[in-house]
Amino acid sequence: MGVAAYSVNIVGLSNKEHQFQYEFGDEFFRKYGTDIVSEGKFLVDLLLTKRETFIETEFKISGTARLICDRSLEPFDFPIESKNKIVFKYGDEYQEMTDEIIIIPRDTATLELGQYMYEFISLGIPLKKLHPRFQDEPEDESEGKIVYTSEKTEAKKDEEETDPRWNILKKLK
């Protein structure tokens with residue numbers, strides 16, 4: 001499937017609601033990026049509402065991503081369900097106003113939606129990827145914490161008091 005498989009020709013659409021459905025797997029991730037997700041099976045239901053001055057898109061994404069556990073390096077399937085919206089407003093030139101509002105030129109013929117689908121799936125991936133068998137284990141409270149202290153330990157105090165070089169220098173006073 002090429003990039004055109006995830007494009008919608010908006011020139012030919014009438015001003016009303018339109019439904020599209022996309023089903024894809026690993027080949028999708030090879031096309032759009034494998035940094036965060038490289039394998040999985042997903043179904044995307046797209047509701048596209050075309051108006052005179054804007055196009056509203058609502059993505060309902062469901063599926064599973066194949067991830068590698070950060071602890072055991074075992075592969076596992078991670079379920080992802082998300083609902084996302086993007087509003088494409090007509091303007092003079094392409095510009096991303098916010099994460100949800102994008103200005104597109106008035107003469108835009110097609111909307112390429114594959115990259116947005118990839119980004120929405122990527123947002124569902126946790127930073128810490130743990131195999132489900134590790135999910136019920138209590139987290140180590142000290143993991144990832146750095147403790148600073150300004151108090152001297154007893155061993156250092158003893159060293160300072162018993163160092164004979166300092167005693168000799170103190171006698172010179």
# chains A, B, ... in the order shown; residues from 1 in each chain; ligands from 1
call {"tool": "residues_around", "arguments": {"residues": "Val44 (chain A)", "least_positions_apart": "5", "cutoff": "8 Å", "atoms": "only C-alpha atoms", "output": "number ranges by chain"}}
result
A: 21-23, 59-62
call {"tool": "write_last_selection", "arguments": {"atoms": "N, CA and C atoms", "output": "PDB file, in the first residue's frame"}}
result
ATOM      1  N   GLN A  21     -12.626   3.706   6.413  1.00  0.00           N
ATOM      2  CA  GLN A  21     -12.051   2.719   7.330  1.00  0.00           C
ATOM      3  C   GLN A  21     -10.721   2.241   6.759  1.00  0.00           C
ATOM      4  N   TYR A  22      -9.728   2.177   7.640  1.00  0.00           N
ATOM      5  CA  TYR A  22      -8.393   1.726   7.249  1.00  0.00           C
ATOM      6  C   TYR A  22      -7.995   0.580   8.169  1.00  0.00           C
ATOM      7  N   GLU A  23      -7.471  -0.476   7.577  1.00  0.00           N
ATOM      8  CA  GLU A  23      -6.945  -1.599   8.343  1.00  0.00           C
ATOM      9  C   GLU A  23      -5.523  -1.820   7.857  1.00  0.00           C
ATOM     10  N   PHE A  59     -10.693  10.496  14.384  1.00  0.00           N
ATOM     11  CA  PHE A  59     -10.047   9.195  14.229  1.00  0.00           C
ATOM     12  C   PHE A  59     -10.377   8.321  15.435  1.00  0.00           C
ATOM     13  N   LYS A  60     -10.945   7.142  15.207  1.00  0.00           N
ATOM     14  CA  LYS A  60     -11.125   6.142  16.265  1.00  0.00           C
ATOM     15  C   LYS A  60     -10.167   5.011  15.928  1.00  0.00           C
ATOM     16  N   ILE A  61      -9.155   4.864  16.764  1.00  0.00           N
ATOM     17  CA  ILE A  61      -8.091   3.895  16.500  1.00  0.00           C
ATOM     18  C   ILE A  61      -8.150   2.784  17.530  1.00  0.00           C
ATOM     19  N   SER A  62      -8.102   1.541  17.051  1.00  0.00           N
ATOM     20  CA  SER A  62      -8.039   0.400  17.962  1.00  0.00           C
ATOM     21  C   SER A  62      -7.132  -0.654  17.352  1.00  0.00           C
TER      22      SER A  62
END
call {"tool": "select_by_dssp", "arguments": {"residues": "region 62-126 of chain A", "states": "helix (DSSP H, G or I)", "output": "list in words"}}
result
Gly114, Gln115, Tyr116, Met117, Tyr118, Glu119, Phe120, Ile121, Ser122 and Leu123 of chain A
call {"tool": "write_last_selection", "arguments": {"atoms": "N, CA, C and O atoms", "output": "mmCIF file, in the first residue's frame"}}
result
data_model
loop_
_atom_site.group_PDB
_atom_site.id
_atom_site.type_symbol
_atom_site.label_atom_id
_atom_site.label_comp_id
_atom_site.auth_asym_id
_atom_site.auth_seq_id
_atom_site.Cartn_x
_atom_site.Cartn_y
_atom_site.Cartn_z
ATOM 1 N N GLY A 114 -2.102 9.362 6.789
ATOM 2 C CA GLY A 114 -1.302 8.285 7.350
ATOM 3 C C GLY A 114 -0.360 8.747 8.444
ATOM 4 O O GLY A 114 -0.232 8.093 9.485
ATOM 5 N N GLN A 115 0.306 9.894 8.245
ATOM 6 C CA GLN A 115 1.244 10.392 9.251
ATOM 7 C C GLN A 115 0.529 10.730 10.557
ATOM 8 O O GLN A 115 1.045 10.475 11.643
ATOM 9 N N TYR A 116 -0.682 11.263 10.466
ATOM 10 C CA TYR A 116 -1.448 11.576 11.675
ATOM 11 C C TYR A 116 -1.833 10.297 12.412
ATOM 12 O O TYR A 116 -1.760 10.240 13.640
ATOM 13 N N MET A 117 -2.232 9.272 11.664
ATOM 14 C CA MET A 117 -2.571 7.992 12.291
ATOM 15 C C MET A 117 -1.360 7.419 13.023
ATOM 16 O O MET A 117 -1.472 6.926 14.142
ATOM 17 N N TYR A 118 -0.173 7.502 12.389
ATOM 18 C CA TYR A 118 1.045 7.000 13.025
ATOM 19 C C TYR A 118 1.322 7.771 14.322
ATOM 20 O O TYR A 118 1.656 7.194 15.348
ATOM 21 N N GLU A 119 1.171 9.080 14.285
ATOM 22 C CA GLU A 119 1.425 9.900 15.481
ATOM 23 C C GLU A 119 0.445 9.580 16.599
ATOM 24 O O GLU A 119 0.830 9.500 17.762
ATOM 25 N N PHE A 120 -0.822 9.364 16.264
ATOM 26 C CA PHE A 120 -1.810 9.024 17.293
ATOM 27 C C PHE A 120 -1.505 7.671 17.921
ATOM 28 O O PHE A 120 -1.635 7.502 19.133
ATOM 29 N N ILE A 121 -1.076 6.709 17.119
ATOM 30 C CA ILE A 121 -0.698 5.402 17.657
ATOM 31 C C ILE A 121 0.527 5.550 18.553
ATOM 32 O O ILE A 121 0.585 5.002 19.652
ATOM 33 N N SER A 122 1.506 6.340 18.111
ATOM 34 C CA SER A 122 2.733 6.552 18.891
ATOM 35 C C SER A 122 2.431 7.183 20.242
ATOM 36 O O SER A 122 3.088 6.883 21.235
ATOM 37 N N LEU A 123 1.439 8.065 20.284
ATOM 38 C CA LEU A 123 1.072 8.697 21.557
ATOM 39 C C LEU A 123 0.506 7.700 22.560
ATOM 40 O O LEU A 123 0.547 7.928 23.760
#
call {"tool": "residues_around", "arguments": {"residues": "region 125-132 of chain A", "least_positions_apart": "4", "cutoff": "12 Å", "atoms": "only C-alpha atoms", "output": "PyMOL selection string"}}
result
chain A and resi 35-38+40+63-82+118-121+136-137+139
call {"tool": "residues_around", "arguments": {"residues": "region 48-57 of chain A", "least_positions_apart": "3", "cutoff": "8 Å", "atoms": "only C-alpha atoms", "output": "NGL selection string"}}
result
:A and (13-20 or 85-90)
call {"tool": "atom_distance", "arguments": {"atom1": "CA of Thr98 (chain A)", "atom2": "CA of Glu39 (chain A)"}}
result
28.5 Å
call {"tool": "select_by_dssp", "arguments": {"residues": "region 6-166 of chain A", "states": "strand (DSSP E or B)", "output": "MDAnalysis selection string"}}
result
chainID A and resid 7:9 17:24 39:50 54:68 75:91 95:96 101:105 110:112
